[in-house]
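protein.txt follows; it contains compact mmCIF, C-alpha atoms and all ligand atoms.
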```txt
# COMPACT_ATOMS: atom_id res chain seq x y z
CA MET A 1088 52.58 51.21 -76.63
CA LEU A 1089 51.62 51.37 -72.98
CA PRO A 1090 49.49 48.60 -71.48
CA VAL A 1091 45.76 49.32 -71.64
CA VAL A 1092 43.65 48.85 -68.52
CA ALA A 1093 39.87 48.88 -68.95
CA LEU A 1094 37.48 49.67 -66.10
CA VAL A 1095 34.20 47.83 -66.48
CA GLY A 1096 31.23 47.15 -64.25
CA ARG A 1097 27.70 48.25 -63.52
CA PRO A 1098 26.89 51.95 -63.25
CA ASN A 1099 27.69 53.52 -59.90
CA VAL A 1100 30.28 51.03 -58.71
CA GLY A 1101 33.02 53.68 -58.85
CA LYS A 1102 34.69 53.29 -62.25
CA SER A 1103 34.99 57.01 -62.90
CA THR A 1104 36.20 57.66 -59.37
CA LEU A 1105 39.00 55.16 -59.92
CA PHE A 1106 39.70 56.62 -63.37
CA ASN A 1107 40.07 60.08 -61.88
CA ARG A 1108 42.33 58.80 -59.13
CA LEU A 1109 44.56 56.94 -61.57
CA THR A 1110 44.78 59.88 -63.95
CA ARG A 1111 44.74 62.45 -61.17
CA THR A 1112 42.19 64.63 -62.85
CA ARG A 1113 38.55 65.42 -62.38
CA ASP A 1114 37.91 65.43 -66.10
CA ALA A 1115 40.64 63.78 -68.08
CA LEU A 1116 41.21 64.81 -71.65
CA VAL A 1117 40.25 62.39 -74.35
CA ALA A 1118 43.69 61.67 -75.66
CA ASP A 1119 44.50 60.54 -79.15
CA PHE A 1120 46.20 57.20 -78.63
CA PRO A 1121 46.99 55.38 -81.85
CA GLY A 1122 44.97 52.27 -82.45
CA LEU A 1123 42.23 53.14 -80.03
CA THR A 1124 38.87 54.48 -81.01
CA ARG A 1125 37.79 57.62 -79.32
CA ASP A 1126 34.27 56.99 -78.12
CA ARG A 1127 35.48 55.90 -74.73
CA LYS A 1128 37.28 57.97 -72.16
CA TYR A 1129 41.01 57.42 -72.15
CA GLY A 1130 43.56 58.78 -69.77
CA GLN A 1131 47.21 58.24 -69.18
CA ALA A 1132 48.01 57.02 -65.71
CA ASN A 1133 51.30 57.32 -63.92
CA TYR A 1134 50.57 55.79 -60.56
CA ASP A 1135 52.76 54.03 -58.06
CA GLY A 1136 55.51 54.00 -60.69
CA TYR A 1137 53.35 52.27 -63.31
CA GLN A 1138 52.54 53.92 -66.61
CA PHE A 1139 49.51 52.74 -68.51
CA ILE A 1140 46.46 53.85 -70.43
CA VAL A 1141 43.24 53.61 -68.49
CA VAL A 1142 39.85 53.37 -70.16
CA ASP A 1143 36.68 54.42 -68.40
CA THR A 1144 33.42 52.96 -69.65
CA GLY A 1145 29.94 54.11 -68.96
CA GLY A 1146 27.64 51.54 -70.14
CA ILE A 1147 27.17 48.14 -68.64
CA HIS A 1148 23.71 47.90 -67.15
CA GLY A 1149 23.01 44.97 -64.99
CA ASP A 1150 19.38 44.02 -65.02
CA GLU A 1151 18.65 43.19 -68.66
CA GLU A 1152 18.45 39.69 -70.05
CA GLY A 1153 21.24 38.43 -72.26
CA ILE A 1154 24.79 39.52 -72.46
CA ASP A 1155 24.32 41.59 -75.63
CA GLU A 1156 21.82 43.78 -73.89
CA VAL A 1157 23.65 43.78 -70.61
CA MET A 1158 26.91 45.04 -71.96
CA ALA A 1159 26.98 48.12 -74.11
CA LYS A 1160 28.98 47.88 -77.27
CA GLN A 1161 31.58 50.33 -76.10
CA SER A 1162 32.26 48.31 -72.97
CA LEU A 1163 32.70 45.15 -75.01
CA GLN A 1164 35.12 47.01 -77.25
CA ALA A 1165 37.00 48.35 -74.27
CA ILE A 1166 37.43 44.79 -73.00
CA GLU A 1167 38.63 43.66 -76.42
CA GLU A 1168 41.33 46.28 -76.71
CA ALA A 1169 42.49 45.99 -73.11
CA ASP A 1170 45.51 44.12 -71.83
CA VAL A 1171 44.06 44.08 -68.34
CA VAL A 1172 40.41 44.30 -67.30
CA LEU A 1173 39.46 45.64 -63.91
CA PHE A 1174 35.94 44.43 -63.21
CA LEU A 1175 34.55 46.65 -60.50
CA VAL A 1176 31.77 45.61 -58.17
CA ASP A 1177 30.25 47.42 -55.21
CA ALA A 1178 31.32 45.73 -51.97
CA ARG A 1179 28.26 47.19 -50.25
CA ASP A 1180 25.76 45.72 -52.70
CA GLY A 1181 27.01 42.15 -52.75
CA VAL A 1182 26.76 40.17 -55.99
CA THR A 1183 23.97 41.36 -58.28
CA VAL A 1184 22.41 39.77 -61.36
CA GLY A 1185 24.26 42.32 -63.44
CA ASP A 1186 27.58 41.37 -61.88
CA GLN A 1187 26.88 37.73 -62.70
CA ALA A 1188 26.12 38.52 -66.33
CA ILE A 1189 29.31 40.53 -66.71
CA ALA A 1190 31.32 37.80 -65.00
CA THR A 1191 29.92 35.19 -67.38
CA HIS A 1192 31.10 37.26 -70.32
CA LEU A 1193 34.52 37.90 -68.83
CA ARG A 1194 35.13 34.25 -68.01
CA LYS A 1195 34.91 33.53 -71.75
CA GLN A 1196 37.57 36.10 -72.62
CA LYS A 1197 41.23 35.26 -72.72
CA LYS A 1198 42.04 38.39 -70.78
CA LYS A 1199 43.66 39.10 -67.51
CA VAL A 1200 40.69 39.99 -65.33
CA TYR A 1201 40.94 41.37 -61.84
CA LEU A 1202 37.80 41.46 -59.74
CA VAL A 1203 37.80 44.66 -57.72
CA ALA A 1204 35.39 45.19 -54.84
CA ASN A 1205 35.14 48.95 -54.38
CA LYS A 1206 33.83 51.01 -51.44
CA ILE A 1207 35.39 48.91 -48.69
CA ASP A 1208 35.83 52.05 -46.58
CA GLY A 1209 33.81 52.02 -43.38
CA ILE A 1210 32.61 48.43 -43.67
CA ASP A 1211 33.90 44.99 -42.69
CA ALA A 1212 35.83 44.44 -45.91
CA ASP A 1213 36.56 40.74 -45.46
CA SER A 1214 32.98 39.69 -44.92
CA ALA A 1215 31.67 42.04 -47.62
CA MET A 1216 34.14 40.66 -50.13
CA ALA A 1217 33.53 36.97 -49.36
CA ASP A 1218 30.33 37.04 -51.45
CA PHE A 1219 32.25 37.83 -54.63
CA TYR A 1220 34.26 34.62 -54.77
CA SER A 1221 31.09 33.07 -56.20
CA LEU A 1222 31.78 35.00 -59.43
CA ALA A 1223 34.66 32.57 -59.98
CA LEU A 1224 37.03 35.09 -61.47
CA GLY A 1225 40.00 34.30 -59.32
CA ASN A 1226 41.84 37.38 -58.16
CA LEU A 1227 39.74 39.53 -55.83
CA TYR A 1228 40.97 42.86 -54.52
CA GLY A 1229 39.32 45.28 -52.15
CA ILE A 1230 39.74 48.99 -52.73
CA ALA A 1231 38.26 52.34 -51.81
CA ALA A 1232 38.68 54.32 -55.02
CA ALA A 1233 37.51 57.48 -53.32
CA HIS A 1234 40.33 57.31 -50.78
CA GLY A 1235 42.99 55.27 -52.55
CA ARG A 1236 43.02 52.36 -50.15
CA GLY A 1237 44.14 49.14 -51.82
CA VAL A 1238 44.88 50.75 -55.18
CA GLU A 1239 48.65 50.34 -55.02
CA HIS A 1240 48.31 46.70 -54.01
CA LEU A 1241 45.96 46.11 -56.92
CA LEU A 1242 48.33 47.71 -59.43
CA ASP A 1243 51.28 45.77 -58.05
CA SER A 1244 49.34 42.58 -58.73
CA CYS A 1245 48.33 43.69 -62.21
CA PHE A 1246 51.74 44.78 -63.37
CA LYS A 1247 54.33 42.69 -61.56
CA PRO A 1248 53.65 39.68 -63.81
CA LEU A 1249 53.58 41.72 -67.05
P1 LIG A 1301 30.64 54.76 -62.05
O1 LIG A 1301 29.21 54.94 -62.48
O2 LIG A 1301 30.98 53.30 -61.96
O3 LIG A 1301 31.60 55.54 -62.86
O4 LIG A 1301 30.71 55.28 -60.51
P2 LIG A 1301 31.23 56.69 -59.97
O5 LIG A 1301 32.70 56.76 -59.99
O6 LIG A 1301 30.48 57.76 -60.66
O7 LIG A 1301 30.80 56.59 -58.43
C1 LIG A 1301 29.47 56.33 -58.04
C2 LIG A 1301 29.26 56.76 -56.60
O8 LIG A 1301 30.06 55.96 -55.73
C3 LIG A 1301 29.69 58.20 -56.35
O9 LIG A 1301 28.77 58.79 -55.46
C4 LIG A 1301 31.05 58.05 -55.69
O10 LIG A 1301 31.35 59.12 -54.84
C5 LIG A 1301 30.85 56.77 -54.91
N1 LIG A 1301 32.13 56.08 -54.64
C6 LIG A 1301 33.11 55.80 -55.54
N2 LIG A 1301 34.16 55.21 -54.94
C7 LIG A 1301 33.86 55.11 -53.62
C8 LIG A 1301 34.55 54.58 -52.48
O11 LIG A 1301 35.68 54.11 -52.54
N3 LIG A 1301 33.89 54.62 -51.30
C9 LIG A 1301 32.64 55.15 -51.18
N4 LIG A 1301 32.10 55.13 -49.97
N5 LIG A 1301 31.96 55.68 -52.23
C10 LIG A 1301 32.55 55.66 -53.44
MG MG A 1302 31.27 56.65 -64.61
```
Could I get this structure in the form of structure tokens?
Amino acid sequence: MLPVVALVGRPNVGKSTLFNRLTRTRDALVADFPGLTRDRKYGQANYDGYQFIVVDTGGIHGDEEGIDEVMAKQSLQAIEEADVVLFLVDARDGVTVGDQAIATHLRKQKKKVYLVANKIDGIDADSAMADFYSLALGNLYGIAAAHGRGVEHLLDSCFKPL
């Protein structure tokens, strides 16, 4: 079975844009991969020489109280079944309360988590990204999902150690 990469994060941070880039489609088919439930959006990625299953999630809202409310069930399940979690944040927003709640949940998981600051196009990426080290998730990568910048470097980091 191919490695499973889940895209999680608040709405509007660019998860679906990255999904579409990785799967090279505007509207990827919901494929029938054994062992995976079908209420999330799965696609097969073949990018930069890496083959994997990518899972798009819709539903982590950031401003509720409590992790159970903050993270929709399907996103929690996507994290559970993933080999690698890409936690997307919006480099232009800085750290939000929602980001902090998601980070708290992810720090408790025994998963490989990569913190991905999206939308670094047209801004000072280094200073925008500095804020996110406070989430204490270790690896931080800057990308522009809409343009592809940084995506290969991110995947190299995710897959070289696997
Ligand atoms: P999702 O809710 O996390 O799936 O976010 P979407 O993929 O739907 O993207 C939300 C908005 O962010 C859309 O208007 C995208 O065009 C925009 N967006 C996504 N990636 C980038 C990026 O790399 N740079 C910029 N400037 N905008 C982006
Ligand atoms: Mg989306």
Between A:Asp1218, A:Glu1239, A:Asp1177, A:Asp1186, which residue has the minimum interatomic distance to ligand LIG 1301 (chain A), considering only C-alpha atoms and all ligand atoms?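 Closest to ligand LIG 1301 (chain A), using only C-alpha atoms and all ligand atoms: A:Asp1177.
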Can you pull out every residue with an atom within 6 Å of ligand LIG 1301 (chain A)? Use all atoms listed in the file and format it as a list in words.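 The neighbouring residues of ligand LIG 1301 (chain A) are, in order, Pro1098, Asn1099, Val1100, Gly1101, Lys1102, Ser1103, Thr1104, Asn1205, Lys1206, Asp1208, Ala1231, Ala1232, Ala1233 and His1234 of chain A.
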If you measure from CA of Ala1212 in chain A to CA of Phe1174 in chain A, what distance in Å do you get, rounded to one decimal? 17.3 Å
So what do you get for CA of Arg1097 in chain A versus CA of Gly1136 in chain A, distance-wise? 28.5 Å
Please determine, counting all atoms listed in the file, which residue among A:Asp1211, A:Asp1170, A:Asp1180, A:Asp1143 has the shortest atom-to-atom distance to ligand MG 1302 (chain A). A:Asp1143
Spatial neighbours of Tyr1228 in chain A, 8 Å, all atoms listed in the file, chain gap at least 4 places, as a PyMOL selection string: chain A and resi 1201-1204+1237+1241
Do you know which residues are at most 9 Å from Val1095 in chain A counting all atoms listed in the file, after dropping those on the same chain fewer than 5 positions away, and could you put them as a ChimeraX atom specification? /A:1102,1142-1147,1162,1165-1166,1172-1176,1189
If I put a ball of radius 12 Å at (43.2, 37.6, -72.4) in the file's coordinates, which residues poke into it when counting all atoms listed in the file, written as a JSON list (two decimals) with C-alpha atoms, in the frame of the given file?
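The new file part12.json reads:
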```
[["chain", "number", "residue", "atom", "x", "y", "z"],
["A", 1092, "VAL", "CA", 43.65, 48.85, -68.52],
["A", 1166, "ILE", "CA", 37.43, 44.79, -73.00],
["A", 1167, "GLU", "CA", 38.63, 43.66, -76.42],
["A", 1168, "GLU", "CA", 41.33, 46.28, -76.71],
["A", 1169, "ALA", "CA", 42.49, 45.99, -73.11],
["A", 1170, "ASP", "CA", 45.51, 44.12, -71.83],
["A", 1171, "VAL", "CA", 44.06, 44.08, -68.34],
["A", 1172, "VAL", "CA", 40.41, 44.30, -67.30],
["A", 1193, "LEU", "CA", 34.52, 37.90, -68.83],
["A", 1194, "ARG", "CA", 35.13, 34.25, -68.01],
["A", 1195, "LYS", "CA", 34.91, 33.53, -71.75],
["A", 1196, "GLN", "CA", 37.57, 36.10, -72.62],
["A", 1197, "LYS", "CA", 41.23, 35.26, -72.72],
["A", 1198, "LYS", "CA", 42.04, 38.39, -70.78],
["A", 1199, "LYS", "CA", 43.66, 39.10, -67.51],
["A", 1200, "VAL", "CA", 40.69, 39.99, -65.33],
["A", 1201, "TYR", "CA", 40.94, 41.37, -61.84]]
```
With distances taken over only C-alpha atoms, which residue among A:Phe1106, A:Phe1139, A:Tyr1134, A:Tyr1129 lies nearest Val1091 in chain A?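 Looking only at the distances to Val1091 in chain A, the closest residue turns out to be A:Phe1139.
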Min atom-atom distance to ligand MG 1302 (chain A) from the set A:Ala1217, A:Met1088, A:Leu1105, A:Val1238, counting all atoms listed in the file, belongs to A:Leu1105
One number please: CA of Ala1215 in chain A to CA of Ala1132 in chain A, in Å, one decimal. 28.6 Å
Which is closer to Phe1246 in chain A than all the others in A:Gly1181, A:Ile1210, A:Lys1128, A:Tyr1137, using all atoms listed in the file?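 Selected residue with least distance to Phe1246 in chain A: A:Tyr1137.
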